[in-house]
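This is entry.txt (compact mmCIF, C-alpha atoms).
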# COMPACT_ATOMS: atom_id res chain seq x y z
CA MET A 1212 161.75 132.60 -69.93
CA LYS A 1213 164.97 133.55 -68.10
CA ARG A 1214 162.85 135.00 -65.34
CA CYS A 1215 160.83 131.83 -65.18
CA LEU A 1216 164.00 129.73 -64.92
CA LEU A 1217 165.36 132.00 -62.21
CA LEU A 1218 162.13 131.71 -60.23
CA SER A 1219 162.09 127.92 -60.66
CA SER A 1220 165.72 127.70 -59.48
CA LEU A 1221 164.97 129.87 -56.46
CA LEU A 1222 161.94 127.74 -55.64
CA LEU A 1223 163.99 124.55 -55.93
CA CYS A 1224 166.74 125.99 -53.69
CA LEU A 1225 164.11 126.97 -51.13
CA LEU A 1226 162.53 123.50 -51.20
CA CYS A 1227 165.94 121.84 -50.89
CA SER A 1228 166.89 123.99 -47.88
CA CYS A 1229 163.54 123.17 -46.25
CA GLY A 1230 164.26 119.50 -46.90
CA VAL A 1231 167.63 119.75 -45.17
CA GLN A 1232 166.07 121.51 -42.17
CA ASN A 1233 163.33 118.90 -41.85
CA LYS A 1234 165.88 116.10 -42.12
CA ALA A 1235 167.84 117.55 -39.20
CA LEU A 1236 164.71 117.76 -37.08
CA GLY A 1237 163.65 114.32 -38.25
CA GLU A 1238 166.89 112.78 -37.03
CA GLY A 1239 166.34 114.44 -33.69
CA SER A 1240 162.77 113.32 -33.42
CA SER A 1241 163.70 109.65 -33.82
CA VAL A 1242 165.35 109.76 -30.39
CA ALA A 1243 163.12 110.03 -27.33
CA SER A 1244 163.74 113.11 -25.24
CA GLN A 1245 164.94 113.03 -21.66
CA LYS A 1246 162.98 115.12 -19.19
CA TYR A 1247 164.18 116.60 -15.93
CA ARG A 1248 162.60 118.47 -13.05
CA MET A 1249 164.65 121.66 -13.00
CA VAL A 1250 165.42 124.11 -10.22
CA VAL A 1251 167.86 126.95 -10.90
CA THR A 1252 168.79 129.04 -7.88
CA PHE A 1253 170.29 132.49 -8.41
CA GLN A 1254 171.55 134.93 -5.78
CA THR A 1255 168.33 136.91 -6.20
CA GLY A 1256 165.75 134.19 -6.72
CA GLN A 1257 164.80 130.88 -8.22
CA ILE A 1258 163.25 129.50 -11.38
CA SER A 1259 161.81 126.01 -11.64
CA GLY A 1260 160.04 123.83 -14.15
CA ILE A 1261 160.94 121.15 -16.68
CA MET A 1262 164.01 120.83 -18.86
CA ALA A 1263 163.80 118.45 -21.81
CA ILE A 1264 166.65 117.52 -24.10
CA LYS A 1265 167.03 115.51 -27.27
CA HIS A 1266 170.17 114.25 -28.96
CA THR A 1267 171.23 113.77 -32.50
CA GLU A 1268 174.73 112.64 -33.41
CA GLU A 1269 176.02 116.20 -33.63
CA MET A 1270 173.55 118.35 -31.75
CA ILE A 1271 171.71 118.57 -28.47
CA TYR A 1272 168.36 120.34 -28.57
CA GLY A 1273 166.70 121.42 -25.36
CA THR A 1274 163.99 123.51 -23.82
CA ALA A 1275 163.22 124.86 -20.36
CA ILE A 1276 159.65 125.69 -19.37
CA ASN A 1277 158.10 126.66 -16.07
CA GLU A 1278 155.41 124.53 -14.40
CA PHE A 1279 152.61 126.29 -16.26
CA GLY A 1280 154.21 125.48 -19.58
CA VAL A 1281 155.53 129.01 -20.19
CA LYS A 1282 158.81 128.89 -22.06
CA LEU A 1283 161.93 130.12 -20.30
CA PHE A 1284 164.30 129.36 -23.19
CA ASP A 1285 165.26 126.87 -25.89
CA PHE A 1286 168.86 125.90 -26.50
CA VAL A 1287 170.97 124.17 -29.12
CA ILE A 1288 174.40 122.75 -28.35
CA SER A 1289 176.63 122.11 -31.33
CA GLY A 1290 180.33 121.37 -30.82
CA LYS A 1291 181.78 124.00 -28.50
CA LYS A 1292 178.82 126.34 -28.84
CA CYS A 1293 175.55 126.60 -26.95
CA LYS A 1294 172.99 129.06 -28.27
CA LEU A 1295 169.88 130.16 -26.38
CA LYS A 1296 166.72 130.92 -28.38
CA ASN A 1297 163.23 132.20 -27.59
CA VAL A 1298 164.36 133.52 -24.22
CA ALA A 1299 161.68 134.82 -21.82
CA SER A 1300 161.81 138.60 -21.50
CA MET A 1301 162.82 138.52 -17.82
CA MET A 1302 165.97 136.55 -18.78
CA ASN A 1303 166.63 138.19 -22.11
CA LYS A 1304 169.85 140.00 -21.15
CA TRP A 1305 173.14 139.22 -22.90
CA TYR A 1306 175.04 138.49 -19.67
CA ILE A 1307 172.33 136.13 -18.37
CA LYS A 1308 172.16 134.31 -21.73
CA ARG A 1309 175.94 134.01 -21.93
CA THR A 1310 176.21 132.60 -18.41
CA ILE A 1311 173.37 130.09 -18.85
CA ALA A 1312 174.65 129.01 -22.29
CA GLY A 1313 178.12 128.36 -20.85
CA ASP A 1314 176.70 126.41 -17.92
CA LEU A 1315 174.41 124.30 -20.11
CA HIS A 1316 177.34 123.47 -22.37
CA THR A 1317 179.34 122.32 -19.34
CA LEU A 1318 176.37 120.39 -18.00
CA PHE A 1319 175.55 118.45 -21.15
CA THR A 1320 178.97 117.98 -22.70
CA GLU A 1321 181.49 117.86 -19.86
CA GLN A 1322 179.64 116.09 -17.06
CA LEU A 1323 180.47 112.51 -17.93
CA ASN A 1324 177.80 110.76 -15.87
CA ILE A 1325 174.91 113.08 -16.71
CA TYR A 1326 172.94 110.55 -18.74
CA GLU A 1327 173.26 107.77 -16.15
CA SER A 1328 172.50 109.85 -13.05
CA SER A 1329 168.97 110.56 -11.91
CA ASP A 1330 170.02 113.67 -9.96
CA ILE A 1331 172.48 116.19 -11.35
CA GLU A 1332 173.84 119.34 -9.80
CA LEU A 1333 176.02 122.01 -11.34
CA VAL A 1334 177.33 124.91 -9.29
CA ASN A 1335 178.61 128.05 -10.97
CA ASP A 1336 180.69 129.46 -8.11
CA LYS A 1337 181.66 132.59 -9.99
CA ARG A 1338 178.04 133.70 -10.54
CA GLY A 1339 176.47 131.96 -7.54
CA ILE A 1340 174.08 129.85 -9.60
CA ILE A 1341 173.05 126.30 -8.72
CA TYR A 1342 171.40 124.07 -11.34
CA LYS A 1343 169.58 120.99 -10.01
CA LEU A 1344 168.09 118.46 -12.41
CA SER A 1345 166.16 115.33 -11.40
CA LYS A 1346 165.21 112.83 -14.07
CA LEU A 1347 161.45 112.52 -14.54
CA GLY A 1348 159.74 109.18 -15.13
CA GLU A 1349 157.28 108.81 -18.00
CA MET B 1466 127.86 148.96 -60.02
CA LYS B 1467 124.73 147.03 -58.94
CA ARG B 1468 126.95 144.05 -58.21
CA ILE B 1469 129.22 146.12 -55.95
CA VAL B 1470 126.24 147.53 -54.05
CA LEU B 1471 124.87 144.00 -53.63
CA ILE B 1472 128.21 142.71 -52.32
CA ILE B 1473 128.54 145.64 -49.89
CA SER B 1474 124.95 145.11 -48.67
CA MET B 1475 125.60 141.40 -48.13
CA LEU B 1476 128.78 142.23 -46.27
CA ILE B 1477 126.99 144.73 -43.99
CA CYS B 1478 124.23 142.18 -43.32
CA SER B 1479 126.72 139.45 -42.46
CA ILE B 1480 128.62 141.77 -40.10
CA THR B 1481 125.34 142.67 -38.35
CA ILE B 1482 124.41 138.99 -37.95
CA TRP B 1483 127.93 138.22 -36.70
CA GLY B 1484 127.59 141.03 -34.13
CA GLN B 1485 124.25 139.73 -32.86
CA ASP B 1486 125.53 136.14 -32.70
CA ARG B 1487 128.62 137.22 -30.86
CA SER B 1488 126.79 139.11 -28.12
CA ALA B 1489 124.27 136.28 -27.74
CA VAL B 1490 127.08 133.73 -27.36
CA VAL B 1491 128.96 135.94 -24.91
CA GLU B 1492 125.77 136.33 -22.87
CA LYS B 1493 125.33 132.54 -22.75
CA ILE B 1494 128.93 132.07 -21.59
CA ASN B 1495 128.57 134.82 -18.99
CA ALA B 1496 125.29 133.33 -17.76
CA ALA B 1497 126.92 129.91 -17.42
CA SER B 1498 129.96 131.29 -15.58
CA GLN B 1499 127.77 133.26 -13.18
CA LYS B 1500 126.20 129.99 -12.06
CA ILE B 1501 129.59 128.73 -10.87
CA THR B 1502 130.13 129.01 -7.14
CA SER B 1503 132.74 126.27 -7.10
CA LEU B 1504 134.49 123.99 -9.54
CA SER B 1505 136.68 120.95 -9.14
CA CYS B 1506 138.18 119.06 -12.06
CA ASP B 1507 141.20 117.24 -13.42
CA PHE B 1508 143.35 118.75 -16.13
CA ILE B 1509 145.82 117.54 -18.73
CA GLN B 1510 148.44 120.04 -19.86
CA LYS B 1511 150.27 119.45 -23.13
CA LYS B 1512 153.20 121.61 -24.08
CA GLN B 1513 154.16 121.24 -27.74
CA VAL B 1514 157.82 122.08 -28.14
CA SER B 1515 158.81 122.64 -31.75
CA ILE B 1516 162.56 122.40 -31.12
CA LEU B 1517 162.06 118.84 -29.79
CA ASP B 1518 159.19 117.99 -32.12
CA GLU B 1519 157.17 116.48 -29.26
CA SER B 1520 154.94 117.28 -26.29
CA ILE B 1521 155.62 117.53 -22.58
CA VAL B 1522 152.55 116.28 -20.74
CA SER B 1523 151.62 117.02 -17.14
CA SER B 1524 148.38 116.56 -15.25
CA GLY B 1525 146.73 117.43 -12.00
CA LYS B 1526 143.71 118.82 -10.22
CA LEU B 1527 142.07 122.21 -10.17
CA PHE B 1528 139.77 123.67 -7.52
CA PHE B 1529 138.02 127.01 -7.80
CA ALA B 1530 135.67 128.79 -5.42
CA ALA B 1531 134.05 132.21 -5.40
CA GLY B 1532 136.10 134.91 -3.67
CA ASN B 1533 139.17 134.59 -5.85
CA LYS B 1534 140.12 131.15 -4.54
CA LEU B 1535 142.05 128.83 -6.81
CA CYS B 1536 144.15 125.72 -6.29
CA TRP B 1537 146.08 124.59 -9.37
CA GLU B 1538 147.85 121.37 -8.40
CA TYR B 1539 150.21 119.41 -10.65
CA ILE B 1540 150.49 115.74 -9.70
CA LYS B 1541 152.29 114.12 -12.66
CA PRO B 1542 155.15 113.96 -13.54
CA TYR B 1543 156.00 116.26 -10.58
CA THR B 1544 154.17 117.80 -7.66
CA TYR B 1545 153.67 121.55 -7.72
CA SER B 1546 150.89 123.74 -6.39
CA PHE B 1547 149.75 127.24 -7.19
CA ILE B 1548 147.22 128.34 -4.57
CA MET B 1549 145.51 131.69 -4.72
CA ASN B 1550 143.32 132.99 -1.92
CA GLY B 1551 142.28 136.61 -2.31
CA SER B 1552 145.41 138.56 -3.14
CA LYS B 1553 147.81 135.96 -1.68
CA VAL B 1554 149.55 133.31 -3.76
CA LEU B 1555 151.32 130.23 -2.42
CA LEU B 1556 153.75 128.28 -4.59
CA ARG B 1557 154.60 124.85 -3.24
CA SER B 1558 157.23 122.68 -4.89
CA GLY B 1559 158.21 119.53 -3.02
CA ASP B 1560 159.09 120.57 0.51
CA SER B 1561 159.63 124.24 -0.21
CA SER B 1562 156.95 126.89 -0.40
CA ASN B 1563 156.81 130.64 -1.06
CA VAL B 1564 154.04 133.15 -0.47
CA PHE B 1565 153.57 136.19 -2.72
CA ASP B 1566 151.13 139.06 -2.82
CA THR B 1567 149.57 139.68 -6.23
CA LYS B 1568 149.22 143.36 -5.29
CA THR B 1569 153.00 143.75 -5.16
CA ASN B 1570 154.11 141.04 -7.58
CA LYS B 1571 153.20 142.07 -11.13
CA MET B 1572 154.03 138.71 -12.74
CA PHE B 1573 151.82 136.70 -10.37
CA SER B 1574 149.10 139.27 -10.73
CA GLN B 1575 149.15 138.71 -14.52
CA ILE B 1576 149.37 134.91 -14.25
CA SER B 1577 146.53 134.69 -11.72
CA LYS B 1578 144.36 137.02 -13.83
CA LEU B 1579 145.01 134.88 -16.92
CA ILE B 1580 144.20 131.65 -15.11
CA MET B 1581 141.05 133.03 -13.50
CA SER B 1582 139.84 134.58 -16.75
CA GLY B 1583 140.16 131.19 -18.39
CA VAL B 1584 138.54 129.23 -15.59
CA ASP B 1585 135.53 131.47 -14.97
CA GLY B 1586 135.29 132.79 -18.53
CA SER B 1587 135.63 136.43 -17.44
CA GLY B 1588 138.42 136.94 -19.98
CA ILE B 1589 135.97 136.96 -22.86
CA THR B 1590 134.80 140.47 -21.97
CA ASP B 1591 138.17 141.85 -20.88
CA TYR B 1592 138.33 144.31 -23.77
CA ASP B 1593 140.77 146.57 -21.88
CA ASN B 1594 143.50 143.94 -21.95
CA PHE B 1595 142.66 141.85 -25.03
CA ASP B 1596 141.48 142.11 -28.62
CA ILE B 1597 138.74 139.51 -28.63
CA THR B 1598 137.13 137.58 -31.46
CA VAL B 1599 134.44 134.93 -31.12
CA ILE B 1600 133.86 132.00 -33.45
CA ASP B 1601 130.51 130.32 -32.94
CA GLY B 1602 131.05 126.80 -34.28
CA VAL B 1603 128.77 123.78 -34.46
CA LYS B 1604 130.07 121.98 -31.37
CA GLU B 1605 132.05 124.69 -29.60
CA VAL B 1606 132.59 128.39 -29.23
CA ILE B 1607 136.18 129.51 -29.65
CA VAL B 1608 137.15 132.84 -28.11
CA THR B 1609 140.50 134.18 -29.31
CA MET B 1610 142.17 136.70 -27.05
CA VAL B 1611 145.15 138.70 -28.31
CA PRO B 1612 146.92 140.45 -25.42
CA LYS B 1613 147.26 144.23 -25.72
CA ASN B 1614 149.96 144.41 -23.05
CA ARG B 1615 153.43 144.14 -24.62
CA ASP B 1616 154.86 142.08 -21.74
CA VAL B 1617 152.02 139.55 -21.89
CA ARG B 1618 152.29 139.44 -25.69
CA LYS B 1619 155.93 138.39 -25.36
CA MET B 1620 154.71 135.31 -23.45
CA PHE B 1621 151.53 134.58 -25.41
CA SER B 1622 150.71 135.77 -28.90
CA ARG B 1623 147.15 134.43 -28.58
CA ILE B 1624 145.00 132.68 -25.98
CA LEU B 1625 142.13 130.54 -27.20
CA LEU B 1626 139.29 129.54 -24.89
CA HIS B 1627 137.14 126.63 -26.09
CA PHE B 1628 133.61 126.48 -24.67
CA GLY B 1629 131.36 123.43 -25.15
CA LYS B 1630 128.00 124.34 -26.69
CA GLU B 1631 126.16 121.86 -24.48
CA ASP B 1632 126.73 123.97 -21.34
CA TYR B 1633 128.90 126.96 -22.38
CA PHE B 1634 131.64 126.12 -19.86
CA VAL B 1635 135.32 126.30 -20.77
CA LYS B 1636 136.70 122.88 -21.69
CA MET B 1637 140.10 123.76 -23.11
CA ILE B 1638 142.55 126.67 -22.93
CA GLN B 1639 145.22 127.05 -25.62
CA MET B 1640 148.12 129.44 -25.16
CA LEU B 1641 150.14 130.16 -28.28
CA GLU B 1642 153.62 131.60 -27.97
CA PRO B 1643 155.42 133.89 -30.42
CA SER B 1644 157.97 131.08 -31.00
CA GLY B 1645 155.20 128.86 -32.40
CA ASP B 1646 155.07 126.59 -29.37
CA GLU B 1647 151.72 125.91 -27.79
CA THR B 1648 150.36 124.92 -24.40
CA SER B 1649 146.92 123.37 -24.15
CA ILE B 1650 145.08 122.68 -20.92
CA GLU B 1651 142.16 120.30 -21.23
CA ILE B 1652 139.63 120.30 -18.40
CA ILE B 1653 138.05 116.91 -17.62
CA ASN B 1654 135.93 115.25 -14.89
CA ARG B 1655 134.38 118.59 -14.02
CA LYS B 1656 132.19 118.94 -10.92
CA LEU B 1657 130.27 122.17 -10.51
CA ASN B 1658 129.06 123.75 -7.30
CA SER B 1659 130.00 120.88 -5.03
CA ALA B 1660 131.45 121.50 -1.56
CA ILE B 1661 135.24 122.00 -1.49
CA ASP B 1662 137.21 121.76 1.73
CA GLU B 1663 138.59 125.22 2.66
CA LYS B 1664 141.91 123.55 3.51
CA VAL B 1665 142.51 123.20 -0.24
CA PHE B 1666 142.89 127.00 -0.47
CA ALA B 1667 144.78 127.45 2.81
CA ILE B 1668 147.87 129.67 2.62
CA GLU B 1669 150.15 129.27 5.62

As a first step, turn the structure in this file into structure tokens.
Amino acid sequence: MKRCLLLSSLLLCLLCSCGVQNKALGEGSSVASQKYRMVVTFQTGQISGIMAIKHTEEMIYGTAINEFGVKLFDFVISGKKCKLKNVASMMNKWYIKRTIAGDLHTLFTEQLNIYESSDIELVNDKRGIIYKLSKLGE
Amino acid sequence: MKRIVLIISMLICSITIWGQDRSAVVEKINAASQKITSLSCDFIQKKQVSILDESIVSSGKLFFAAGNKLCWEYIKPYTYSFIMNGSKVLLRSGDSSNVFDTKTNKMFSQISKLIMSGVDGSGITDYDNFDITVIDGVKEVIVTMVPKNRDVRKMFSRILLHFGKEDYFVKMIQMLEPSGDETSIEIINRKLNSAIDEKVFAIE
């Protein structure tokens, strides 16, 4: 009986946590995403594709894919932190992730006119990286 | 004991039938693809992004001709072209363009192989690079390809090719990523073996 109760409690906890996760995504999904044509120029090359972002009150969710739909990375910005997820193997190095995460945080939280502008550019002088985003129409 | 023998016999029979069906279906797809000398069509690409809980849709035109010639052109919501002619690849984005050689660029070699194997159906017998299973359904044949190469597997956990049973030509390509995201490319308005201007495949 005790075992049964324990299992039931665990199951309930699991369901509740799933509910919380779904609620967070649900809040995000109620807002339409903003899509940008993206070109990131490094000292050694260039990546291009689409960047899409979605806001909730506390978080910014985003993804970057190349033109063929292959994922480059996902990101989540929460407060002062930006975390990259599902990073493509060619970019999956800690120093690349840390640089991009810092730049994305600057781009989406410190550039005041980002949501009004149709063309946005961020230059990371220290690393020689240029981010160019152009808003895409539907 | 009799029951176990019966079950095992039924299982062996079903595997044999599955094997026969599979090779027959593969032969039909191969026969259909061998008839293709050129192909032009429109495509709709849908990228389902789980973190955003929505799809990113793009569309364009595709041209294919014998001799390893392919033009994969995105028109909406941006313009971007991937042109392959022999071993050369041209990427054109807006005003800028870059030419690569698939012999020296491993990534483009893999991408072009993947695209071509989907377009001409050659991927369904690429047993060296994929674990392949075939499902012969009522309206379509679904070929599931699991990459053996670790680098490709990091990009795509599975690639599904959907062939229509009316003509055994590929009508949709699904690429599933380890993250759970999915890209589907639906091929529409297909024209087979019609003349295509060579300029479409020009790499300058």

**Request:** Could you give me, as a PyMOL selection string, the residues within 10 Å of Gly1559 of chain B, counting all atoms listed in the file and dropping anything in the same chain fewer than 5 positions from it?
**Result:** chain B and resi 1543-1546

**Asked** In Å, with one decimal, what is the gap from atom CA of Asn1495 of chain B to atom CA of Gly1588 of chain B?
**Response** 10.1 Å

**Message:** Show me, as a PyMOL selection string, the residues of chain A whose atoms get within 10 Å of chain B, using only C-alpha atoms for the distance check.
**Reply:** chain A and resi 1236-1237+1239-1244+1246-1248+1250+1259-1266+1271-1276+1278-1283+1285-1287+1296-1301+1347-1349

Could you save the residues just selected, with C-alpha atoms, as an mmCIF file, in the coordinates of the input?
data_model
loop_
_atom_site.group_PDB
_atom_site.id
_atom_site.type_symbol
_atom_site.label_atom_id
_atom_site.label_comp_id
_atom_site.auth_asym_id
_atom_site.auth_seq_id
_atom_site.Cartn_x
_atom_site.Cartn_y
_atom_site.Cartn_z
ATOM 1 C CA LEU A 1236 164.710 117.760 -37.080
ATOM 2 C CA GLY A 1237 163.650 114.320 -38.250
ATOM 3 C CA GLY A 1239 166.340 114.440 -33.690
ATOM 4 C CA SER A 1240 162.770 113.320 -33.420
ATOM 5 C CA SER A 1241 163.700 109.650 -33.820
ATOM 6 C CA VAL A 1242 165.350 109.760 -30.390
ATOM 7 C CA ALA A 1243 163.120 110.030 -27.330
ATOM 8 C CA SER A 1244 163.740 113.110 -25.240
ATOM 9 C CA LYS A 1246 162.980 115.120 -19.190
ATOM 10 C CA TYR A 1247 164.180 116.600 -15.930
ATOM 11 C CA ARG A 1248 162.600 118.470 -13.050
ATOM 12 C CA VAL A 1250 165.420 124.110 -10.220
ATOM 13 C CA SER A 1259 161.810 126.010 -11.640
ATOM 14 C CA GLY A 1260 160.040 123.830 -14.150
ATOM 15 C CA ILE A 1261 160.940 121.150 -16.680
ATOM 16 C CA MET A 1262 164.010 120.830 -18.860
ATOM 17 C CA ALA A 1263 163.800 118.450 -21.810
ATOM 18 C CA ILE A 1264 166.650 117.520 -24.100
ATOM 19 C CA LYS A 1265 167.030 115.510 -27.270
ATOM 20 C CA HIS A 1266 170.170 114.250 -28.960
ATOM 21 C CA ILE A 1271 171.710 118.570 -28.470
ATOM 22 C CA TYR A 1272 168.360 120.340 -28.570
ATOM 23 C CA GLY A 1273 166.700 121.420 -25.360
ATOM 24 C CA THR A 1274 163.990 123.510 -23.820
ATOM 25 C CA ALA A 1275 163.220 124.860 -20.360
ATOM 26 C CA ILE A 1276 159.650 125.690 -19.370
ATOM 27 C CA GLU A 1278 155.410 124.530 -14.400
ATOM 28 C CA PHE A 1279 152.610 126.290 -16.260
ATOM 29 C CA GLY A 1280 154.210 125.480 -19.580
ATOM 30 C CA VAL A 1281 155.530 129.010 -20.190
ATOM 31 C CA LYS A 1282 158.810 128.890 -22.060
ATOM 32 C CA LEU A 1283 161.930 130.120 -20.300
ATOM 33 C CA ASP A 1285 165.260 126.870 -25.890
ATOM 34 C CA PHE A 1286 168.860 125.900 -26.500
ATOM 35 C CA VAL A 1287 170.970 124.170 -29.120
ATOM 36 C CA LYS A 1296 166.720 130.920 -28.380
ATOM 37 C CA ASN A 1297 163.230 132.200 -27.590
ATOM 38 C CA VAL A 1298 164.360 133.520 -24.220
ATOM 39 C CA ALA A 1299 161.680 134.820 -21.820
ATOM 40 C CA SER A 1300 161.810 138.600 -21.500
ATOM 41 C CA MET A 1301 162.820 138.520 -17.820
ATOM 42 C CA LEU A 1347 161.450 112.520 -14.540
ATOM 43 C CA GLY A 1348 159.740 109.180 -15.130
ATOM 44 C CA GLU A 1349 157.280 108.810 -18.000
#

**Asked** Nearest to Leu1535 of chain B among B:Lys1578, B:Lys1656, B:Arg1618, B:Lys1630, with distances taken over all atoms listed in the file: which residue is it?
**Response** B:Lys1578

**Message:** Taking 4 positions as the minimum chain separation for residues in the same chain, which residues sit within 12 Å of Asp1336 of chain A when counting only C-alpha atoms? Answer as a ChimeraX atom specification.
**Reply:** /A:1252-1254,1310,1314,1340-1342

**Option closest in space to Lys1534 of chain B, from B:Pro1612, B:Asp1632, B:Glu1663, B:Ile1494 [counting only C-alpha atoms]** =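 So, comparing all the options, the nearest one is B:Glu1663.
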
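Residues in contact range of segment 1579-1583 of chain B, defined as at most 9 Å between all atoms listed in the file, with sequence neighbours fewer than 5 positions away removed, read Phe1529, Asn1533, Leu1535, Ser1574, Gly1588, Ile1589, Asp1591, Leu1626, Val1635, Met1637 and Ile1638 of chain B.
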
**Prompt:** So how far away is atom CA of Ser1345 of chain A from atom CA of Ser1329 of chain A, in Å?
**Reply:**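 So the answer is 5.6 Å.
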
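The gap separating atom CA of Arg1623 of chain B from atom CA of Gly1532 of chain B is 27.3 Å, in Å to one decimal.
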